[in-house]
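What follows is the content of run_15.txt, which has compact mmCIF, C-alpha atoms:
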# COMPACT_ATOMS: atom_id res chain seq x y z
CA MET F 20 -31.45 -18.76 -54.15
CA LYS F 21 -28.63 -16.52 -52.93
CA ASN F 22 -26.27 -19.49 -52.96
CA LEU F 23 -27.09 -20.21 -56.56
CA ALA F 24 -26.47 -16.54 -57.43
CA TYR F 25 -22.94 -16.70 -55.97
CA ILE F 26 -22.19 -19.86 -57.92
CA ILE F 27 -23.50 -18.28 -61.15
CA ILE F 28 -21.46 -15.09 -60.61
CA GLY F 29 -18.38 -17.23 -59.98
CA THR F 30 -19.06 -19.29 -63.09
CA PHE F 31 -19.38 -16.14 -65.15
CA LEU F 32 -16.12 -14.80 -63.66
CA GLY F 33 -14.39 -18.08 -64.50
CA ILE F 34 -15.55 -17.99 -68.11
CA VAL F 35 -14.62 -14.31 -68.54
CA LEU F 36 -11.13 -14.68 -67.08
CA TYR F 37 -10.49 -17.87 -69.03
CA LYS F 38 -11.77 -16.52 -72.35
CA SER F 39 -10.03 -13.15 -71.92
CA GLU F 40 -6.78 -15.13 -71.44
CA ALA F 41 -6.13 -13.24 -68.18
CA ALA F 42 -5.74 -16.75 -66.70
CA SER F 43 -2.92 -17.55 -69.12
CA TRP F 44 0.64 -17.61 -67.79
CA PHE F 45 1.78 -16.30 -71.18
CA ARG F 46 -0.36 -13.16 -70.97
CA ILE F 47 1.07 -12.29 -67.55
CA TYR F 48 4.65 -12.70 -68.81
CA GLU F 49 3.80 -10.61 -71.88
CA MET F 50 2.33 -7.89 -69.65
CA PHE F 51 5.51 -7.64 -67.57
CA GLN F 52 7.50 -7.46 -70.80
CA PHE F 53 5.26 -4.60 -72.05
CA ASP F 54 4.91 -6.49 -75.35
CA SER F 55 1.14 -6.16 -75.68
CA PHE F 56 -1.68 -3.87 -74.65
CA HIS F 57 -4.03 -6.80 -73.95
CA MET F 58 -3.72 -7.09 -70.13
CA TYR F 59 -3.52 -3.32 -69.68
CA GLY F 60 -6.68 -3.04 -71.78
CA ILE F 61 -8.49 -5.55 -69.56
CA ILE F 62 -7.45 -3.92 -66.29
CA GLY F 63 -7.87 -0.38 -67.68
CA SER F 64 -11.35 -0.92 -69.10
CA ALA F 65 -12.42 -2.82 -65.96
CA LEU F 66 -11.30 0.20 -63.94
CA ALA F 67 -12.95 2.77 -66.21
CA VAL F 68 -16.30 1.01 -65.84
CA GLY F 69 -15.59 0.06 -62.21
CA VAL F 70 -14.93 3.63 -61.06
CA VAL F 71 -18.22 4.81 -62.61
CA LEU F 72 -20.21 1.92 -61.09
CA VAL F 73 -18.70 2.29 -57.60
CA GLN F 74 -19.12 6.06 -57.56
CA TRP F 75 -22.74 5.63 -58.70
CA ILE F 76 -23.40 3.04 -55.99
CA LYS F 77 -21.91 5.36 -53.34
CA LYS F 78 -23.59 8.59 -54.52
CA SER F 79 -27.03 7.15 -55.26
CA LYS F 80 -27.16 5.43 -51.86
CA VAL F 81 -28.72 2.51 -53.68
CA LYS F 82 -29.66 -0.43 -51.43
CA SER F 83 -28.49 -3.99 -51.94
CA PHE F 84 -30.65 -6.43 -53.92
CA PHE F 85 -31.92 -7.59 -50.52
CA GLY F 86 -32.85 -4.10 -49.33
CA GLU F 87 -29.91 -3.63 -46.95
CA PRO F 88 -27.88 -0.39 -46.91
CA LEU F 89 -24.53 -0.74 -48.70
CA ASN F 90 -21.25 0.18 -47.10
CA ILE F 91 -18.10 0.03 -49.21
CA GLU F 92 -15.30 0.06 -46.66
CA ASP F 93 -12.15 2.10 -47.10
CA LYS F 94 -8.86 0.21 -47.03
CA GLU F 95 -6.87 0.59 -43.83
CA ARG F 96 -4.19 3.30 -44.14
CA SER F 97 -0.61 2.09 -44.25
CA PHE F 98 2.38 1.93 -46.55
CA THR F 99 4.68 -0.92 -45.52
CA ARG F 100 2.22 -3.79 -45.74
CA TYR F 101 1.00 -2.70 -49.18
CA ILE F 102 4.38 -2.15 -50.78
CA VAL F 103 6.13 -5.19 -49.23
CA GLY F 104 3.16 -7.54 -49.50
CA GLY F 105 2.40 -6.21 -52.96
CA THR F 106 5.95 -6.79 -54.20
CA LEU F 107 6.01 -10.36 -52.87
CA PHE F 108 2.62 -11.00 -54.46
CA GLY F 109 3.83 -9.54 -57.76
CA MET F 110 6.81 -11.93 -57.79
CA GLY F 111 4.49 -14.86 -57.25
CA TRP F 112 1.99 -13.56 -59.83
CA ALA F 113 4.72 -13.42 -62.49
CA LEU F 114 6.24 -16.81 -61.62
CA ALA F 115 2.97 -18.73 -61.25
CA GLY F 116 1.45 -16.70 -64.09
CA SER F 117 -1.77 -16.49 -62.14
CA CYS F 118 -3.32 -14.68 -59.23
CA PRO F 119 -5.82 -16.32 -56.82
CA GLY F 120 -8.92 -16.13 -59.08
CA PRO F 121 -7.23 -17.78 -62.07
CA ILE F 122 -5.71 -20.46 -59.80
CA TYR F 123 -9.23 -21.78 -59.05
CA ILE F 124 -10.24 -21.34 -62.68
CA LEU F 125 -7.26 -23.36 -63.94
CA VAL F 126 -8.11 -26.17 -61.52
CA GLY F 127 -11.49 -26.32 -63.27
CA ALA F 128 -9.81 -26.16 -66.67
CA GLY F 129 -7.94 -29.33 -65.69
CA TYR F 130 -4.32 -28.09 -65.50
CA TRP F 131 -3.55 -30.28 -62.51
CA PRO F 132 -0.05 -28.92 -61.65
CA ILE F 133 -1.82 -25.66 -60.68
CA VAL F 134 -2.93 -27.59 -57.56
CA ILE F 135 0.71 -27.35 -56.39
CA VAL F 136 0.46 -23.55 -56.77
CA LEU F 137 -2.81 -23.61 -54.80
CA ILE F 138 -1.23 -25.64 -51.99
CA GLY F 139 1.67 -23.17 -51.92
CA ALA F 140 -0.76 -20.25 -51.76
CA VAL F 141 -2.73 -21.72 -48.85
CA LEU F 142 0.57 -22.43 -47.10
CA GLY F 143 1.67 -18.83 -47.72
CA ALA F 144 -1.58 -17.46 -46.28
CA PHE F 145 -1.12 -19.77 -43.27
CA VAL F 146 2.46 -18.62 -42.62
CA TYR F 147 1.32 -14.99 -42.91
CA GLY F 148 -1.42 -15.58 -40.36
CA VAL F 149 0.99 -17.21 -37.91
CA PHE F 150 3.72 -14.54 -38.18
CA ARG F 151 1.42 -11.59 -38.76
CA SER F 152 2.02 -9.97 -35.36
CA LYS F 153 5.80 -10.00 -35.98
CA LEU F 154 5.62 -8.36 -39.41
CA PRO F 155 5.71 -4.59 -39.98
CA HIS F 156 2.32 -3.35 -41.23
CA MET H 4 -17.25 -14.99 -81.59
CA LEU H 5 -17.93 -16.78 -78.32
CA TYR H 6 -15.39 -19.46 -79.21
CA GLN H 7 -12.61 -17.00 -80.08
CA PRO H 8 -10.56 -15.33 -77.33
CA TRP H 9 -12.58 -12.44 -75.93
CA PRO H 10 -11.14 -8.98 -76.61
CA TRP H 11 -10.02 -6.79 -73.70
CA TYR H 12 -12.79 -4.22 -74.24
CA VAL H 13 -15.40 -6.92 -73.67
CA SER H 14 -13.66 -8.72 -70.81
CA GLY H 15 -12.65 -5.67 -68.76
CA PRO H 16 -16.16 -4.16 -68.48
CA LEU H 17 -17.59 -7.64 -67.70
CA ILE H 18 -15.15 -7.94 -64.77
CA ALA H 19 -16.34 -4.54 -63.49
CA ILE H 20 -19.96 -5.71 -63.75
CA ILE H 21 -19.13 -8.85 -61.74
CA MET H 22 -17.59 -6.62 -59.05
CA ALA H 23 -20.69 -4.38 -59.02
CA LEU H 24 -23.03 -7.40 -58.76
CA LEU H 25 -21.14 -8.65 -55.70
CA ILE H 26 -21.27 -5.17 -54.11
CA LEU H 27 -25.01 -4.99 -54.81
CA MET H 28 -25.39 -8.37 -53.11
CA GLY H 29 -23.81 -6.77 -50.04
CA LYS H 30 -20.45 -8.51 -50.55
CA ARG H 31 -17.17 -7.63 -52.22
CA PHE H 32 -14.97 -8.88 -55.02
CA GLY H 33 -11.92 -10.46 -53.42
CA MET H 34 -10.60 -13.89 -54.34
CA SER H 35 -7.57 -14.15 -52.06
CA SER H 36 -9.42 -14.04 -48.73
CA ASN H 37 -10.61 -17.55 -49.59
CA LEU H 38 -7.05 -18.77 -49.01
CA GLU H 39 -7.46 -17.79 -45.34
CA THR H 40 -10.85 -19.47 -45.20
CA PHE H 41 -9.22 -22.71 -46.40
CA CYS H 42 -6.70 -22.34 -43.55
CA SER H 43 -9.55 -21.86 -41.05
CA ILE H 44 -11.38 -24.92 -42.38
CA GLY H 45 -8.16 -26.91 -42.12
CA GLY H 46 -7.85 -26.09 -38.41
CA ALA H 47 -5.32 -23.23 -38.57
CA GLY H 48 -7.18 -21.62 -35.64
CA LYS H 49 -5.11 -23.93 -33.42
CA PHE H 50 -1.97 -22.06 -34.47
CA SER H 51 -3.20 -18.48 -34.62
CA ASP H 52 -6.30 -16.63 -33.46
CA TYR H 53 -6.19 -14.86 -36.82
CA PHE H 54 -7.79 -17.95 -38.33
CA LYS H 55 -10.51 -18.24 -35.69
CA VAL H 56 -13.29 -16.91 -37.86
CA ASP H 57 -16.87 -17.91 -38.45
CA VAL H 58 -16.47 -19.93 -41.62
CA LYS H 59 -20.21 -19.69 -42.29
CA SER H 60 -19.84 -15.94 -42.89
CA LYS H 61 -17.29 -16.72 -45.62
CA ARG H 62 -19.39 -19.35 -47.32
CA TRP H 63 -20.66 -17.01 -50.05
CA ASN H 64 -17.10 -16.43 -51.27
CA LEU H 65 -16.38 -20.17 -51.33
CA LEU H 66 -19.44 -20.50 -53.58
CA VAL H 67 -17.91 -17.88 -55.89
CA VAL H 68 -14.76 -20.04 -55.93
CA LEU H 69 -16.83 -23.13 -56.72
CA GLY H 70 -18.44 -21.19 -59.55
CA SER H 71 -15.09 -20.08 -60.94
CA VAL H 72 -13.90 -23.70 -61.00
CA ILE H 73 -17.03 -24.57 -63.01
CA GLY H 74 -16.43 -21.51 -65.22
CA GLY H 75 -12.85 -22.62 -65.86
CA PHE H 76 -14.11 -26.05 -66.88
CA LEU H 77 -16.72 -24.59 -69.25
CA GLY H 78 -14.31 -22.03 -70.67
CA ALA H 79 -11.64 -24.60 -71.39
CA HIS H 80 -13.72 -27.58 -72.50
CA TRP H 81 -16.83 -26.09 -74.12
CA LEU H 82 -15.89 -22.62 -75.28
CA SER H 83 -12.30 -22.93 -76.51
CA PRO H 84 -11.70 -25.23 -79.47
CA ASN H 85 -8.18 -23.81 -79.79
CA PRO H 86 -6.25 -23.36 -76.51
CA ALA H 87 -3.32 -21.47 -78.07
CA VAL H 88 -2.83 -17.94 -76.76
CA ASN H 89 -1.89 -15.51 -79.49
CA ILE H 90 0.87 -13.66 -77.64
CA SER H 91 3.09 -11.20 -79.51
CA ASP H 92 6.03 -12.42 -81.59
CA GLU H 93 8.50 -10.56 -79.34
CA THR H 94 7.17 -12.46 -76.34
CA VAL H 95 7.41 -15.79 -78.18
CA ASN H 96 11.04 -15.04 -79.09
CA LYS H 97 11.96 -14.05 -75.54
CA LEU H 98 10.32 -17.18 -74.14
CA GLN H 99 11.98 -19.51 -76.62
CA LYS H 100 15.37 -18.12 -75.57
CA ILE H 101 14.72 -19.22 -71.98
CA GLY H 102 13.41 -22.64 -72.95
CA PHE H 103 9.65 -22.18 -73.28
CA ASP H 104 9.11 -23.84 -76.65
CA SER H 105 5.36 -24.07 -76.04
CA ALA H 106 5.03 -20.27 -76.29
CA GLY H 107 2.32 -19.34 -78.78
CA THR H 108 0.93 -22.90 -79.03
CA ALA H 109 -0.71 -23.48 -75.63
CA TYR H 110 -2.80 -21.82 -72.91
CA LEU H 111 -0.21 -22.51 -70.20
CA PRO H 112 3.45 -23.44 -70.76
CA THR H 113 3.71 -27.24 -70.90
CA GLU H 114 7.23 -26.79 -69.44
CA LEU H 115 5.57 -25.89 -66.11
CA PHE H 116 1.98 -27.11 -66.34
CA GLY H 117 2.19 -30.24 -68.48
CA MET H 118 1.78 -33.49 -66.50
CA GLU H 119 5.07 -34.83 -67.91
CA SER H 120 7.02 -31.88 -66.44
CA LEU H 121 6.06 -33.06 -62.95
CA SER H 122 8.85 -35.64 -63.15
CA ASP H 123 11.24 -32.72 -62.64
CA PRO H 124 11.58 -31.73 -58.96
CA LYS H 125 12.63 -28.23 -60.08
CA VAL H 126 9.13 -27.69 -61.51
CA TRP H 127 7.55 -28.71 -58.19
CA THR H 128 9.79 -26.25 -56.37
CA ILE H 129 8.98 -23.42 -58.79
CA LEU H 130 5.22 -23.97 -58.55
CA LEU H 131 5.26 -24.31 -54.76
CA VAL H 132 7.42 -21.20 -54.24
CA ALA H 133 5.31 -19.22 -56.72
CA GLY H 134 2.14 -20.20 -54.88
CA PHE H 135 3.69 -19.39 -51.52
CA LEU H 136 4.63 -15.88 -52.70
CA VAL H 137 1.10 -15.37 -54.06
CA GLY H 138 -0.54 -16.50 -50.81
CA PHE H 139 1.82 -14.80 -48.38
CA GLY H 140 2.07 -11.61 -50.43
CA THR H 141 -1.63 -11.18 -51.04
CA ARG H 142 -2.58 -11.63 -47.39
CA TYR H 143 0.23 -9.33 -46.26
CA ALA H 144 -0.98 -6.72 -48.76
CA GLY H 145 -4.61 -7.40 -47.81
CA GLY H 146 -5.77 -8.20 -51.33
CA CYS H 147 -4.85 -9.39 -54.79
CA THR H 148 -5.71 -8.35 -58.31
CA SER H 149 -9.46 -8.49 -57.61
CA GLY H 150 -9.38 -6.84 -54.19
CA HIS H 151 -6.84 -4.11 -54.90
CA ALA H 152 -6.32 -3.64 -58.65
CA ILE H 153 -10.03 -3.83 -59.51
CA SER H 154 -12.12 -3.19 -56.36
CA GLY H 155 -9.74 -0.92 -54.46
CA LEU H 156 -8.77 1.25 -57.41
CA SER H 157 -12.42 1.47 -58.54
CA ASN H 158 -13.11 2.91 -55.08
CA LEU H 159 -10.13 5.31 -55.53
CA GLN H 160 -8.23 3.86 -52.57
CA ARG H 161 -4.65 5.07 -52.14
CA PRO H 162 -3.60 1.86 -50.28
CA SER H 163 -4.68 -0.15 -53.32
CA LEU H 164 -2.59 2.05 -55.59
CA ILE H 165 0.46 1.38 -53.38
CA ALA H 166 -0.29 -2.35 -53.49
CA VAL H 167 -0.67 -2.35 -57.29
CA ILE H 168 2.64 -0.49 -57.64
CA GLY H 169 4.09 -3.25 -55.46
CA PHE H 170 2.53 -5.91 -57.74
CA PHE H 171 4.36 -4.38 -60.68
CA ILE H 172 7.67 -3.91 -58.87
CA GLY H 173 7.53 -7.60 -57.90
CA GLY H 174 6.45 -8.78 -61.34
CA LEU H 175 9.15 -6.79 -63.11
CA ILE H 176 11.85 -8.04 -60.71
CA MET H 177 10.71 -11.62 -61.29
CA VAL H 178 10.45 -11.48 -65.07
CA HIS H 179 13.49 -9.33 -65.82
CA LEU H 180 15.98 -10.17 -63.06
CA LEU H 181 15.06 -13.61 -61.74
CA PHE H 182 13.69 -15.45 -64.81
CA PRO H 183 17.15 -15.49 -66.49
CA LEU H 184 18.51 -17.18 -63.34
CA ILE H 185 15.61 -19.62 -62.88
CA PHE H 186 15.02 -20.64 -66.50
CA THR H 187 17.98 -21.51 -68.62
CA ALA H 188 17.43 -23.05 -72.03
Let me see the structure of the file written as C-alpha cells.
Amino acid sequence: MKNLAYIIIGTFLGIVLYKSEAASWFRIYEMFQFDSFHMYGIIGSALAVGVVLVQWIKKSKVKSFFGEPLNIEDKERSFTRYIVGGTLFGMGWALAGSCPGPIYILVGAGYWPIVIVLIGAVLGAFVYGVFRSKLPH
Amino acid sequence: MLYQPWPWYVSGPLIAIIMALLILMGKRFGMSSNLETFCSIGGAGKFSDYFKVDVKSKRWNLLVVLGSVIGGFLGAHWLSPNPAVNISDETVNKLQKIGFDSAGTAYLPTELFGMESLSDPKVWTILLVAGFLVGFGTRYAGGCTSGHAISGLSNLQRPSLIAVIGFFIGGLIMVHLLFPLIFTA
C-alpha cells in the first residue's frame, strides 16, 4: 500500500513538473535571463503554500498518516558547503536545463540524451562521496 | 485545460502539496539523494564508507523516482499534444543568436537533446559535464531544488537560502558568462 502511494506521488510530481514546463531546458534559460515570471511564479507560489503547510505541520504537532510523530529536521549549519556546492549545482542546472527531479521525468518522457546527464550526475555524486572528507564544508 | 501547459499558480501550490504529503508520510521531498542511492546500489561502498548505507531505507524515494519517470511518460505522451514551450520572444531571440533554432518550437532544444545531435562529441561532453556539476554540486550543497529551494525554504532554513543564492550565482555565471563561450552560432 505504502509503496503504491510513493509511486503515485512520484507520478503526480512527474506530471506537474512536465506540464508546468519546469522540466523544460528553455524555461530554465529564460529564468536566468529574467525574461519571464513563469519559473519565479512556480517557485514563489510553491513556497507561499509550502511555508504555511510546514508551519501548520510543526505547530499542530500533527502525526504522520501512520500515526508516528513527525520530526522535520533542521539543515546542518554551515556556509561554505552551501555556497560552493550551490554555485556548482546552479551551473549544472543552467547547462543541463534540469535539476534531479526533471532528469528522471525527462527519461520517462523519452528524451534519451538526458540519460547522459543522469550518468554524469551519478558520477558527480560518486566523486563527491569519495572526496568528501577533503572538501571544506 | 489539462492538455495546455499548466499555469504557475496551479503548478506551484501542487508542488507544495506533494512536499506536504511526503512529510505527512514521515519522509521528505528530496530528489537528489537518490543519486547517492544509485551509487550505493552500484557498489560505491567499496570506495567510500559514505556510500555504505542501508539501501532498503531509501527504497521509498526510489519509488518516487519510478513514479516521476511514469509521470514524465504520461505528461509527454498523453497530456501534451503540442510539445512547444511558449517562452518569451526575447528569450527566443537570444537563443537563436547562439544557435538554438529550436527555441519556441520544442520542449527541449533539439541541438542538445535530439537523437541526431548525439553524433557530435561536443554534445556528449556538454551533457556529461552538466550532469556532473548537478550531481557533485547538489550533494556538496546537501540538496537540490526540491530539498533546498522548496523544502528547506518552506521550513525557513538559512542554509537553504545560502544554497539557493548559490544556485542563482551558478546559473547566472553559466548563462551569461559561459554560454557565449560554449555555444557559438
Might you pull out every residue within 9 Å of F:Cys118, with only C-alpha atoms counted and same-chain residues fewer than 5 positions away left off, and present them as number ranges by chain?
-> F: 42, 108-109, 111-113; H: 34-35, 134, 137, 147-149
Counting all atoms listed in the file, note down every residue that has an atom within 12 Å of the point (-22.4, -1.3, -48.3) (file coordinates), as a PyMOL selection string.
-> (chain F and resi 73+76-93) or (chain H and resi 23+25-31)
Local residues around (-2.9, 3.1, -47.4), at most 12 Å away, using only C-alpha atoms, as JSON, numbers by chain = {"F": [93, 94, 95, 96, 97, 98, 99, 100, 101, 102, 156], "H": [144, 145, 151, 155, 156, 159, 160, 161, 162, 163, 164, 165, 166, 167]}
Hey, what's within 10 Å of stretch 128-130 of chain F if we count only C-alpha atoms and toss same-chain stuff fewer than 6 positions away? As a short mmCIF file (atom, residue, chain, number, x, y, z; two decimals) with C-alpha atoms, in the coordinates of the input, please?
data_model
loop_
_atom_site.label_atom_id
_atom_site.label_comp_id
_atom_site.auth_asym_id
_atom_site.auth_seq_id
_atom_site.Cartn_x
_atom_site.Cartn_y
_atom_site.Cartn_z
CA GLY F 33 -14.39 -18.08 -64.50
CA TYR F 37 -10.49 -17.87 -69.03
CA PRO F 121 -7.23 -17.78 -62.07
CA ILE F 122 -5.71 -20.46 -59.80
CA SER H 71 -15.09 -20.08 -60.94
CA VAL H 72 -13.90 -23.70 -61.00
CA ILE H 73 -17.03 -24.57 -63.01
CA GLY H 74 -16.43 -21.51 -65.22
CA GLY H 75 -12.85 -22.62 -65.86
CA PHE H 76 -14.11 -26.05 -66.88
CA LEU H 77 -16.72 -24.59 -69.25
CA GLY H 78 -14.31 -22.03 -70.67
CA ALA H 79 -11.64 -24.60 -71.39
CA HIS H 80 -13.72 -27.58 -72.50
CA TYR H 110 -2.80 -21.82 -72.91
CA LEU H 111 -0.21 -22.51 -70.20
CA THR H 113 3.71 -27.24 -70.90
CA PHE H 116 1.98 -27.11 -66.34
CA GLY H 117 2.19 -30.24 -68.48
CA MET H 118 1.78 -33.49 -66.50
#
F:Ile47, F:Phe56, F:Ala24, F:Met110 ranked by distance to chain H, top pick (using all atoms listed in the file) = F:Met110
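Distances to chain F were evaluated for H:Arg142, H:Lys125, H:Lys55, H:Lys49 using all atoms listed in the file, and the minimum falls at H:Arg142.
Between atom CA of H:Leu115 and atom CA of H:Pro84 there is a distance of 21.8 Å.
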Do you know which residues are at most 9 Å from H:Glu114 counting only C-alpha atoms, after dropping those on the same chain fewer than 4 positions away, and could you put them as an mmCIF file with C-alpha atoms, keeping the file's coordinate frame?
data_model
loop_
_atom_site.group_PDB
_atom_site.id
_atom_site.type_symbol
_atom_site.label_atom_id
_atom_site.label_comp_id
_atom_site.auth_asym_id
_atom_site.auth_seq_id
_atom_site.Cartn_x
_atom_site.Cartn_y
_atom_site.Cartn_z
ATOM 1 C CA GLY H 102 13.410 -22.640 -72.950
ATOM 2 C CA PHE H 103 9.650 -22.180 -73.280
ATOM 3 C CA ASP H 104 9.110 -23.840 -76.650
ATOM 4 C CA SER H 105 5.360 -24.070 -76.040
ATOM 5 C CA GLU H 119 5.070 -34.830 -67.910
ATOM 6 C CA SER H 120 7.020 -31.880 -66.440
ATOM 7 C CA VAL H 126 9.130 -27.690 -61.510
#
Which residue of H:Gln7, H:Ser91, H:Thr40, H:Ser14 approaches F:Ser55 most closely, using all atoms listed in the file | H:Ser91
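Interatomic distance, atom CA of H:Phe41 to atom CA of H:Thr128: 21.8 Å.
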Report as a JSON list (two decimals) with C-alpha atoms, in the coordinates of the input all protein, DNA and RNA residues lying within 10 Å of H:Tyr6, evaluated on only C-alpha atoms, omitting residues in the same chain fewer than 6 positions from it.
[["chain", "number", "residue", "atom", "x", "y", "z"],
["F", 38, "LYS", "CA", -11.77, -16.52, -72.35],
["H", 78, "GLY", "CA", -14.31, -22.03, -70.67],
["H", 81, "TRP", "CA", -16.83, -26.09, -74.12],
["H", 82, "LEU", "CA", -15.89, -22.62, -75.28],
["H", 83, "SER", "CA", -12.30, -22.93, -76.51],
["H", 84, "PRO", "CA", -11.70, -25.23, -79.47],
["H", 85, "ASN", "CA", -8.18, -23.81, -79.79]]
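Restricting the calculation to all atoms listed in the file, the smallest distance between chain F and any of H:Ile185, H:Gly70, H:Thr108, H:His179 is found for H:Gly70.
In this comparison, which uses all atoms listed in the file, the residue of H:Leu65, H:Leu121, H:Ala133, H:Val13 approaching chain F most closely is H:Ala133.
Among the candidate residues H:Ser43, H:Ala152, H:Asn89, H:Thr94, the one lying nearest to F:Leu66 is H:Ala152, with distances computed using all atoms listed in the file.
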